[in-house]
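J.: My structure file entry37.pdb, PDB, N, CA and C atoms and all ligand atoms, is below:
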ATOM      1  N   MET X   1     149.366 125.489  76.668  1.00  0.00           N
ATOM      2  CA  MET X   1     149.679 124.590  75.546  1.00  0.00           C
ATOM      3  C   MET X   1     149.888 123.150  76.048  1.00  0.00           C
ATOM      4  N   GLY X   2     151.081 122.592  75.859  1.00  0.00           N
ATOM      5  CA  GLY X   2     151.325 121.240  76.359  1.00  0.00           C
ATOM      6  C   GLY X   2     150.896 120.162  75.378  1.00  0.00           C
ATOM      7  N   GLU X   3     151.015 118.910  75.820  1.00  0.00           N
ATOM      8  CA  GLU X   3     150.718 117.781  74.934  1.00  0.00           C
ATOM      9  C   GLU X   3     149.219 117.589  74.771  1.00  0.00           C
ATOM     10  N   LYS X   4     148.869 116.946  73.642  1.00  0.00           N
ATOM     11  CA  LYS X   4     147.473 116.587  73.440  1.00  0.00           C
ATOM     12  C   LYS X   4     147.176 115.329  74.250  1.00  0.00           C
ATOM     13  N   THR X   5     146.358 115.451  75.261  1.00  0.00           N
ATOM     14  CA  THR X   5     146.013 114.291  76.064  1.00  0.00           C
ATOM     15  C   THR X   5     144.556 113.899  75.879  1.00  0.00           C
ATOM     16  N   SER X   6     143.816 114.689  75.152  1.00  0.00           N
ATOM     17  CA  SER X   6     142.381 114.454  75.056  1.00  0.00           C
ATOM     18  C   SER X   6     142.059 113.166  74.303  1.00  0.00           C
ATOM     19  N   LYS X   7     142.955 112.735  73.389  1.00  0.00           N
ATOM     20  CA  LYS X   7     142.691 111.523  72.611  1.00  0.00           C
ATOM     21  C   LYS X   7     142.965 110.256  73.418  1.00  0.00           C
ATOM     22  N   ASN X   8     143.684 110.421  74.559  1.00  0.00           N
ATOM     23  CA  ASN X   8     143.958 109.289  75.422  1.00  0.00           C
ATOM     24  C   ASN X   8     144.616 108.152  74.653  1.00  0.00           C
ATOM     25  N   ARG X   9     145.626 108.465  73.887  1.00  0.00           N
ATOM     26  CA  ARG X   9     146.322 107.500  73.044  1.00  0.00           C
ATOM     27  C   ARG X   9     147.059 106.473  73.901  1.00  0.00           C
ATOM     28  N   PRO X  10     146.759 105.171  73.715  1.00  0.00           N
ATOM     29  CA  PRO X  10     147.400 104.142  74.548  1.00  0.00           C
ATOM     30  C   PRO X  10     148.881 103.977  74.205  1.00  0.00           C
ATOM     31  N   ARG X  11     149.650 103.499  75.166  1.00  0.00           N
ATOM     32  CA  ARG X  11     151.043 103.171  74.895  1.00  0.00           C
ATOM     33  C   ARG X  11     151.130 101.825  74.181  1.00  0.00           C
ATOM     34  N   GLN X  12     152.347 101.471  73.737  1.00  0.00           N
ATOM     35  CA  GLN X  12     152.543 100.278  72.927  1.00  0.00           C
ATOM     36  C   GLN X  12     151.998  99.014  73.603  1.00  0.00           C
ATOM     37  N   VAL X  13     152.268  98.857  74.899  1.00  0.00           N
ATOM     38  CA  VAL X  13     151.825  97.660  75.602  1.00  0.00           C
ATOM     39  C   VAL X  13     150.303  97.567  75.585  1.00  0.00           C
ATOM     40  N   SER X  14     149.664  98.696  75.799  1.00  0.00           N
ATOM     41  CA  SER X  14     148.208  98.708  75.803  1.00  0.00           C
ATOM     42  C   SER X  14     147.664  98.328  74.440  1.00  0.00           C
ATOM     43  N   ARG X  15     148.366  98.754  73.376  1.00  0.00           N
ATOM     44  CA  ARG X  15     147.878  98.469  72.025  1.00  0.00           C
ATOM     45  C   ARG X  15     147.931  96.987  71.718  1.00  0.00           C
ATOM     46  N   LEU X  16     148.936  96.277  72.277  1.00  0.00           N
ATOM     47  CA  LEU X  16     148.977  94.833  72.101  1.00  0.00           C
ATOM     48  C   LEU X  16     147.737  94.190  72.710  1.00  0.00           C
ATOM     49  N   LYS X  17     147.342  94.684  73.875  1.00  0.00           N
ATOM     50  CA  LYS X  17     146.136  94.161  74.519  1.00  0.00           C
ATOM     51  C   LYS X  17     144.904  94.485  73.687  1.00  0.00           C
ATOM     52  N   ILE X  18     144.886  95.674  73.096  1.00  0.00           N
ATOM     53  CA  ILE X  18     143.764  96.049  72.237  1.00  0.00           C
ATOM     54  C   ILE X  18     143.676  95.096  71.051  1.00  0.00           C
ATOM     55  N   LYS X  19     144.833  94.775  70.441  1.00  0.00           N
ATOM     56  CA  LYS X  19     144.847  93.851  69.304  1.00  0.00           C
ATOM     57  C   LYS X  19     144.308  92.479  69.706  1.00  0.00           C
ATOM     58  N   LEU X  20     144.753  92.001  70.869  1.00  0.00           N
ATOM     59  CA  LEU X  20     144.275  90.697  71.335  1.00  0.00           C
ATOM     60  C   LEU X  20     142.764  90.716  71.518  1.00  0.00           C
ATOM     61  N   PHE X  21     142.260  91.791  72.085  1.00  0.00           N
ATOM     62  CA  PHE X  21     140.821  91.910  72.292  1.00  0.00           C
ATOM     63  C   PHE X  21     140.087  91.897  70.953  1.00  0.00           C
ATOM     64  N   LEU X  22     140.625  92.640  69.983  1.00  0.00           N
ATOM     65  CA  LEU X  22     139.960  92.740  68.679  1.00  0.00           C
ATOM     66  C   LEU X  22     140.007  91.411  67.930  1.00  0.00           C
ATOM     67  N   ILE X  23     141.113  90.663  68.096  1.00  0.00           N
ATOM     68  CA  ILE X  23     141.206  89.339  67.471  1.00  0.00           C
ATOM     69  C   ILE X  23     140.156  88.415  68.072  1.00  0.00           C
ATOM     70  N   LEU X  24     140.003  88.479  69.393  1.00  0.00           N
ATOM     71  CA  LEU X  24     139.009  87.642  70.058  1.00  0.00           C
ATOM     72  C   LEU X  24     137.597  88.033  69.620  1.00  0.00           C
ATOM     73  N   ARG X  25     137.376  89.318  69.388  1.00  0.00           N
ATOM     74  CA  ARG X  25     136.043  89.795  69.021  1.00  0.00           C
ATOM     75  C   ARG X  25     135.739  89.533  67.547  1.00  0.00           C
ATOM     76  N   ASP X  26     136.716  89.867  66.678  1.00  0.00           N
ATOM     77  CA  ASP X  26     136.454  89.870  65.235  1.00  0.00           C
ATOM     78  C   ASP X  26     137.120  88.719  64.486  1.00  0.00           C
ATOM     79  N   GLY X  27     138.051  88.012  65.154  1.00  0.00           N
ATOM     80  CA  GLY X  27     138.789  86.967  64.459  1.00  0.00           C
ATOM     81  C   GLY X  27     139.996  87.529  63.733  1.00  0.00           C
ATOM     82  N   LEU X  28     140.687  86.639  63.020  1.00  0.00           N
ATOM     83  CA  LEU X  28     141.945  87.031  62.364  1.00  0.00           C
ATOM     84  C   LEU X  28     141.708  87.461  60.928  1.00  0.00           C
ATOM     85  N   GLU X  29     140.654  88.233  60.702  1.00  0.00           N
ATOM     86  CA  GLU X  29     140.339  88.706  59.359  1.00  0.00           C
ATOM     87  C   GLU X  29     140.479  90.211  59.260  1.00  0.00           C
ATOM     88  N   CYS X  30     140.968  90.656  58.115  1.00  0.00           N
ATOM     89  CA  CYS X  30     141.084  92.084  57.857  1.00  0.00           C
ATOM     90  C   CYS X  30     139.690  92.678  57.662  1.00  0.00           C
ATOM     91  N   TYR X  31     139.453  93.812  58.298  1.00  0.00           N
ATOM     92  CA  TYR X  31     138.150  94.474  58.199  1.00  0.00           C
ATOM     93  C   TYR X  31     137.866  94.913  56.768  1.00  0.00           C
ATOM     94  N   TRP X  32     138.906  95.262  56.009  1.00  0.00           N
ATOM     95  CA  TRP X  32     138.710  95.813  54.677  1.00  0.00           C
ATOM     96  C   TRP X  32     138.658  94.753  53.589  1.00  0.00           C
ATOM     97  N   CYS X  33     139.551  93.760  53.618  1.00  0.00           N
ATOM     98  CA  CYS X  33     139.616  92.803  52.510  1.00  0.00           C
ATOM     99  C   CYS X  33     139.168  91.401  52.918  1.00  0.00           C
ATOM    100  N   SER X  34     138.905  91.174  54.207  1.00  0.00           N
ATOM    101  CA  SER X  34     138.414  89.895  54.715  1.00  0.00           C
ATOM    102  C   SER X  34     139.412  88.750  54.557  1.00  0.00           C
ATOM    103  N   GLN X  35     140.658  89.057  54.204  1.00  0.00           N
ATOM    104  CA  GLN X  35     141.696  88.036  54.151  1.00  0.00           C
ATOM    105  C   GLN X  35     142.300  87.867  55.546  1.00  0.00           C
ATOM    106  N   LEU X  36     142.820  86.659  55.807  1.00  0.00           N
ATOM    107  CA  LEU X  36     143.411  86.400  57.117  1.00  0.00           C
ATOM    108  C   LEU X  36     144.757  87.116  57.266  1.00  0.00           C
ATOM    109  N   PHE X  37     145.076  87.446  58.511  1.00  0.00           N
ATOM    110  CA  PHE X  37     146.396  87.996  58.808  1.00  0.00           C
ATOM    111  C   PHE X  37     147.403  86.865  58.857  1.00  0.00           C
ATOM    112  N   ASP X  38     148.653  87.153  58.573  1.00  0.00           N
ATOM    113  CA  ASP X  38     149.737  86.204  58.800  1.00  0.00           C
ATOM    114  C   ASP X  38     150.985  86.983  59.183  1.00  0.00           C
ATOM    115  N   THR X  39     152.092  86.284  59.302  1.00  0.00           N
ATOM    116  CA  THR X  39     153.306  86.949  59.791  1.00  0.00           C
ATOM    117  C   THR X  39     153.812  87.983  58.790  1.00  0.00           C
ATOM    118  N   LYS X  40     153.498  87.795  57.506  1.00  0.00           N
ATOM    119  CA  LYS X  40     153.905  88.782  56.508  1.00  0.00           C
ATOM    120  C   LYS X  40     152.981  89.989  56.513  1.00  0.00           C
ATOM    121  N   SER X  41     151.742  89.765  56.895  1.00  0.00           N
ATOM    122  CA  SER X  41     150.752  90.842  56.929  1.00  0.00           C
ATOM    123  C   SER X  41     150.086  90.881  58.297  1.00  0.00           C
ATOM    124  N   PRO X  42     150.809  91.314  59.315  1.00  0.00           N
ATOM    125  CA  PRO X  42     150.246  91.350  60.666  1.00  0.00           C
ATOM    126  C   PRO X  42     149.159  92.409  60.780  1.00  0.00           C
ATOM    127  N   PRO X  43     148.263  92.212  61.741  1.00  0.00           N
ATOM    128  CA  PRO X  43     147.174  93.171  61.901  1.00  0.00           C
ATOM    129  C   PRO X  43     147.644  94.509  62.457  1.00  0.00           C
ATOM    130  N   THR X  44     147.025  95.572  61.997  1.00  0.00           N
ATOM    131  CA  THR X  44     147.225  96.885  62.588  1.00  0.00           C
ATOM    132  C   THR X  44     145.864  97.407  63.034  1.00  0.00           C
ATOM    133  N   ILE X  45     145.886  98.332  63.962  1.00  0.00           N
ATOM    134  CA  ILE X  45     144.634  98.886  64.485  1.00  0.00           C
ATOM    135  C   ILE X  45     144.150 100.015  63.589  1.00  0.00           C
ATOM    136  N   GLU X  46     142.903  99.898  63.173  1.00  0.00           N
ATOM    137  CA  GLU X  46     142.288 100.905  62.310  1.00  0.00           C
ATOM    138  C   GLU X  46     141.170 101.595  63.087  1.00  0.00           C
ATOM    139  N   HIS X  47     141.084 102.907  62.953  1.00  0.00           N
ATOM    140  CA  HIS X  47     139.981 103.639  63.565  1.00  0.00           C
ATOM    141  C   HIS X  47     138.873 103.812  62.534  1.00  0.00           C
ATOM    142  N   VAL X  48     137.704 103.298  62.828  1.00  0.00           N
ATOM    143  CA  VAL X  48     136.574 103.442  61.916  1.00  0.00           C
ATOM    144  C   VAL X  48     136.290 104.929  61.707  1.00  0.00           C
ATOM    145  N   GLU X  49     136.172 105.639  62.807  1.00  0.00           N
ATOM    146  CA  GLU X  49     136.077 107.097  62.763  1.00  0.00           C
ATOM    147  C   GLU X  49     137.461 107.628  63.109  1.00  0.00           C
ATOM    148  N   PRO X  50     138.201 108.173  62.129  1.00  0.00           N
ATOM    149  CA  PRO X  50     139.579 108.601  62.391  1.00  0.00           C
ATOM    150  C   PRO X  50     139.666 109.609  63.523  1.00  0.00           C
ATOM    151  N   LEU X  51     140.793 109.566  64.248  1.00  0.00           N
ATOM    152  CA  LEU X  51     140.979 110.500  65.353  1.00  0.00           C
ATOM    153  C   LEU X  51     140.855 111.941  64.872  1.00  0.00           C
ATOM    154  N   SER X  52     141.341 112.149  63.642  1.00  0.00           N
ATOM    155  CA  SER X  52     141.285 113.504  63.097  1.00  0.00           C
ATOM    156  C   SER X  52     139.863 113.930  62.770  1.00  0.00           C
ATOM    157  N   HIS X  53     138.932 112.943  62.775  1.00  0.00           N
ATOM    158  CA  HIS X  53     137.519 113.254  62.532  1.00  0.00           C
ATOM    159  C   HIS X  53     136.706 113.133  63.812  1.00  0.00           C
ATOM    160  N   GLY X  54     137.401 113.133  64.948  1.00  0.00           N
ATOM    161  CA  GLY X  54     136.704 113.076  66.216  1.00  0.00           C
ATOM    162  C   GLY X  54     136.546 111.680  66.778  1.00  0.00           C
ATOM    163  N   GLY X  55     137.204 110.692  66.137  1.00  0.00           N
ATOM    164  CA  GLY X  55     137.133 109.317  66.626  1.00  0.00           C
ATOM    165  C   GLY X  55     137.903 109.145  67.922  1.00  0.00           C
ATOM    166  N   THR X  56     137.655 108.024  68.610  1.00  0.00           N
ATOM    167  CA  THR X  56     138.309 107.756  69.882  1.00  0.00           C
ATOM    168  C   THR X  56     138.944 106.367  69.848  1.00  0.00           C
ATOM    169  N   TRP X  57     139.588 105.998  70.954  1.00  0.00           N
ATOM    170  CA  TRP X  57     140.173 104.662  71.106  1.00  0.00           C
ATOM    171  C   TRP X  57     139.179 103.685  71.728  1.00  0.00           C
ATOM    172  N   ALA X  58     137.926 104.013  71.754  1.00  0.00           N
ATOM    173  CA  ALA X  58     136.919 103.071  72.248  1.00  0.00           C
ATOM    174  C   ALA X  58     136.903 101.841  71.352  1.00  0.00           C
ATOM    175  N   PHE X  59     136.705 100.661  71.942  1.00  0.00           N
ATOM    176  CA  PHE X  59     136.733  99.426  71.156  1.00  0.00           C
ATOM    177  C   PHE X  59     135.711  99.447  70.030  1.00  0.00           C
ATOM    178  N   SER X  60     134.601 100.103  70.257  1.00  0.00           N
ATOM    179  CA  SER X  60     133.559 100.171  69.232  1.00  0.00           C
ATOM    180  C   SER X  60     134.038 100.936  68.004  1.00  0.00           C
ATOM    181  N   ASN X  61     135.116 101.677  68.142  1.00  0.00           N
ATOM    182  CA  ASN X  61     135.634 102.472  67.024  1.00  0.00           C
ATOM    183  C   ASN X  61     136.856 101.816  66.380  1.00  0.00           C
ATOM    184  N   LEU X  62     137.235 100.616  66.851  1.00  0.00           N
ATOM    185  CA  LEU X  62     138.481 100.005  66.389  1.00  0.00           C
ATOM    186  C   LEU X  62     138.235  98.734  65.597  1.00  0.00           C
ATOM    187  N   LYS X  63     139.019  98.550  64.524  1.00  0.00           N
ATOM    188  CA  LYS X  63     138.997  97.327  63.726  1.00  0.00           C
ATOM    189  C   LYS X  63     140.431  96.934  63.427  1.00  0.00           C
ATOM    190  N   LEU X  64     140.638  95.655  63.115  1.00  0.00           N
ATOM    191  CA  LEU X  64     141.962  95.209  62.691  1.00  0.00           C
ATOM    192  C   LEU X  64     142.014  95.126  61.177  1.00  0.00           C
ATOM    193  N   THR X  65     143.081  95.667  60.600  1.00  0.00           N
ATOM    194  CA  THR X  65     143.247  95.615  59.150  1.00  0.00           C
ATOM    195  C   THR X  65     144.702  95.327  58.823  1.00  0.00           C
ATOM    196  N   HIS X  66     144.963  94.888  57.579  1.00  0.00           N
ATOM    197  CA  HIS X  66     146.337  94.829  57.100  1.00  0.00           C
ATOM    198  C   HIS X  66     146.903  96.241  57.050  1.00  0.00           C
ATOM    199  N   LYS X  67     148.206  96.314  57.193  1.00  0.00           N
ATOM    200  CA  LYS X  67     148.846  97.623  57.081  1.00  0.00           C
ATOM    201  C   LYS X  67     148.603  98.212  55.692  1.00  0.00           C
ATOM    202  N   GLU X  68     148.681  97.340  54.675  1.00  0.00           N
ATOM    203  CA  GLU X  68     148.490  97.812  53.305  1.00  0.00           C
ATOM    204  C   GLU X  68     147.074  98.358  53.113  1.00  0.00           C
ATOM    205  N   CYS X  69     146.105  97.633  53.669  1.00  0.00           N
ATOM    206  CA  CYS X  69     144.711  98.069  53.539  1.00  0.00           C
ATOM    207  C   CYS X  69     144.500  99.379  54.287  1.00  0.00           C
ATOM    208  N   ASN X  70     145.137  99.477  55.436  1.00  0.00           N
ATOM    209  CA  ASN X  70     145.050 100.697  56.232  1.00  0.00           C
ATOM    210  C   ASN X  70     145.628 101.873  55.450  1.00  0.00           C
ATOM    211  N   GLN X  71     146.775 101.634  54.805  1.00  0.00           N
ATOM    212  CA  GLN X  71     147.425 102.707  54.049  1.00  0.00           C
ATOM    213  C   GLN X  71     146.622 103.071  52.812  1.00  0.00           C
ATOM    214  N   ARG X  72     146.040 102.045  52.184  1.00  0.00           N
ATOM    215  CA  ARG X  72     145.217 102.305  51.007  1.00  0.00           C
ATOM    216  C   ARG X  72     144.070 103.238  51.374  1.00  0.00           C
ATOM    217  N   ARG X  73     143.500 102.956  52.538  1.00  0.00           N
ATOM    218  CA  ARG X  73     142.383 103.780  52.978  1.00  0.00           C
ATOM    219  C   ARG X  73     142.865 105.156  53.405  1.00  0.00           C
ATOM    220  N   ALA X  74     144.097 105.213  53.906  1.00  0.00           N
ATOM    221  CA  ALA X  74     144.636 106.490  54.380  1.00  0.00           C
ATOM    222  C   ALA X  74     144.770 107.492  53.243  1.00  0.00           C
ATOM    223  N   ASP X  75     144.749 106.986  52.005  1.00  0.00           N
ATOM    224  CA  ASP X  75     144.797 107.902  50.870  1.00  0.00           C
ATOM    225  C   ASP X  75     143.584 108.817  50.863  1.00  0.00           C
ATOM    226  N   SER X  76     142.460 108.278  51.334  1.00  0.00           N
ATOM    227  CA  SER X  76     141.248 109.070  51.332  1.00  0.00           C
ATOM    228  C   SER X  76     140.927 109.629  52.716  1.00  0.00           C
ATOM    229  N   TRP X  77     141.586 109.050  53.754  1.00  0.00           N
ATOM    230  CA  TRP X  77     141.380 109.559  55.113  1.00  0.00           C
ATOM    231  C   TRP X  77     142.712 110.068  55.624  1.00  0.00           C
ATOM    232  N   PRO X  78     142.724 111.229  56.191  1.00  0.00           N
ATOM    233  CA  PRO X  78     143.991 111.829  56.642  1.00  0.00           C
ATOM    234  C   PRO X  78     144.472 111.276  57.971  1.00  0.00           C
ATOM    235  N   TYR X  79     144.335 109.977  58.181  1.00  0.00           N
ATOM    236  CA  TYR X  79     144.842 109.393  59.401  1.00  0.00           C
ATOM    237  C   TYR X  79     145.300 107.979  59.170  1.00  0.00           C
ATOM    238  N   GLN X  80     146.377 107.594  59.857  1.00  0.00           N
ATOM    239  CA  GLN X  80     146.901 106.244  59.729  1.00  0.00           C
ATOM    240  C   GLN X  80     147.712 105.930  60.968  1.00  0.00           C
ATOM    241  N   GLU X  81     147.485 104.758  61.533  1.00  0.00           N
ATOM    242  CA  GLU X  81     148.181 104.370  62.749  1.00  0.00           C
ATOM    243  C   GLU X  81     149.399 103.537  62.389  1.00  0.00           C
ATOM    244  N   GLU X  82     150.555 103.983  62.773  1.00  0.00           N
ATOM    245  CA  GLU X  82     151.797 103.300  62.420  1.00  0.00           C
ATOM    246  C   GLU X  82     152.247 102.348  63.527  1.00  0.00           C
ATOM    247  N   PHE X  83     152.667 101.141  63.129  1.00  0.00           N
ATOM    248  CA  PHE X  83     153.254 100.208  64.090  1.00  0.00           C
ATOM    249  C   PHE X  83     154.696  99.939  63.724  1.00  0.00           C
TER     250      PHE X  83
HETATM  251 ZN    ZN Y   1     143.331  93.562  54.250  1.00  0.00          ZN
END
Using structure tokens, write down the structure from this file.
T.:
Amino acid sequence: MGEKTSKNRPRQVSRLKIKLFLILRDGLECYWCSQLFDTKSPPTIEHVEPLSHGGTWAFSNLKLTHKECNQRRADSWPYQEEF
């Protein structure tokens, strides 16, 4: 048994680096609504292909979205990344 290690889930520090990379790649726009992020609506990491659907933490599978947009989508996808 033991912990699930196959998803290779990054720790908090690593996720900050992932966010910085995604901002540099995609800019400060939400993937879902195209509105800019701000301090009230900070970016969260979204998996295009959810982990529960076989997605990974590869950068090609990651987008930045508002938390609200992420949650809205989570209604139809059984996955959501909490910060
Ligand atoms: Zn949004």
J.: Report, in Å to a single decimal, how far apart atom CA of Thr56 of chain X and atom CA of Thr44 of chain X are.
T.: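 Rounded to one decimal, the two atoms are 15.8 Å apart.
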J.: Within 10 Å of ligand ZN 1 (chain Y), counting only C-alpha atoms and all ligand atoms, which protein or nucleic acid residues do you find, written as a PyMOL selection string?
T.: chain X and resi 29-37+41-44+64-70+72
J.: Could you check which residues have any atom within 10 Å of (146.6, 96.8, 67.5), counting only C-alpha atoms with coordinates taken straight from the file, and then list them as a list of chain:residue names?
T.: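 In the file's frame, the residues around the point are X:Gln12, X:Val13, X:Ser14, X:Arg15, X:Leu16, X:Lys17, X:Ile18, X:Lys19, X:Leu20, X:Phe21, X:Leu22, X:Ile23, X:Pro42, X:Pro43, X:Thr44, X:Ile45, X:Glu46, X:Leu62, X:Lys63, X:Leu64, X:Thr65, X:Glu81, X:Glu82, X:Phe83.
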J.: One decimal, in Å: what's the spacing between atom CA of Trp57 of chain X and atom CA of Arg9 of chain X?
T.: 7.0 Å
J.: Apply DSSP to the structure's backbone, then extract all residues of segment 14-83 of chain X labelled alpha helix (DSSP H) and return them as a list in words.
T.: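 Everything in segment 14-83 of chain X that counts as alpha helix (DSSP H) is Ser14, Arg15, Leu16, Lys17, Ile18, Lys19, Leu20, Phe21, Leu22, Ile23, Leu24, Arg25, Asp26, Lys67, Glu68, Cys69, Asn70, Gln71, Arg72, Arg73 and Ala74 of chain X.
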J.: Would you compute the distance between atom CA of Glu49 of chain X and atom CA of Asn61 of chain X? Give it in Å to one decimal.
T.: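 One can read the atom CA of Glu49 of chain X to atom CA of Asn61 of chain X distance as 6.3 Å.
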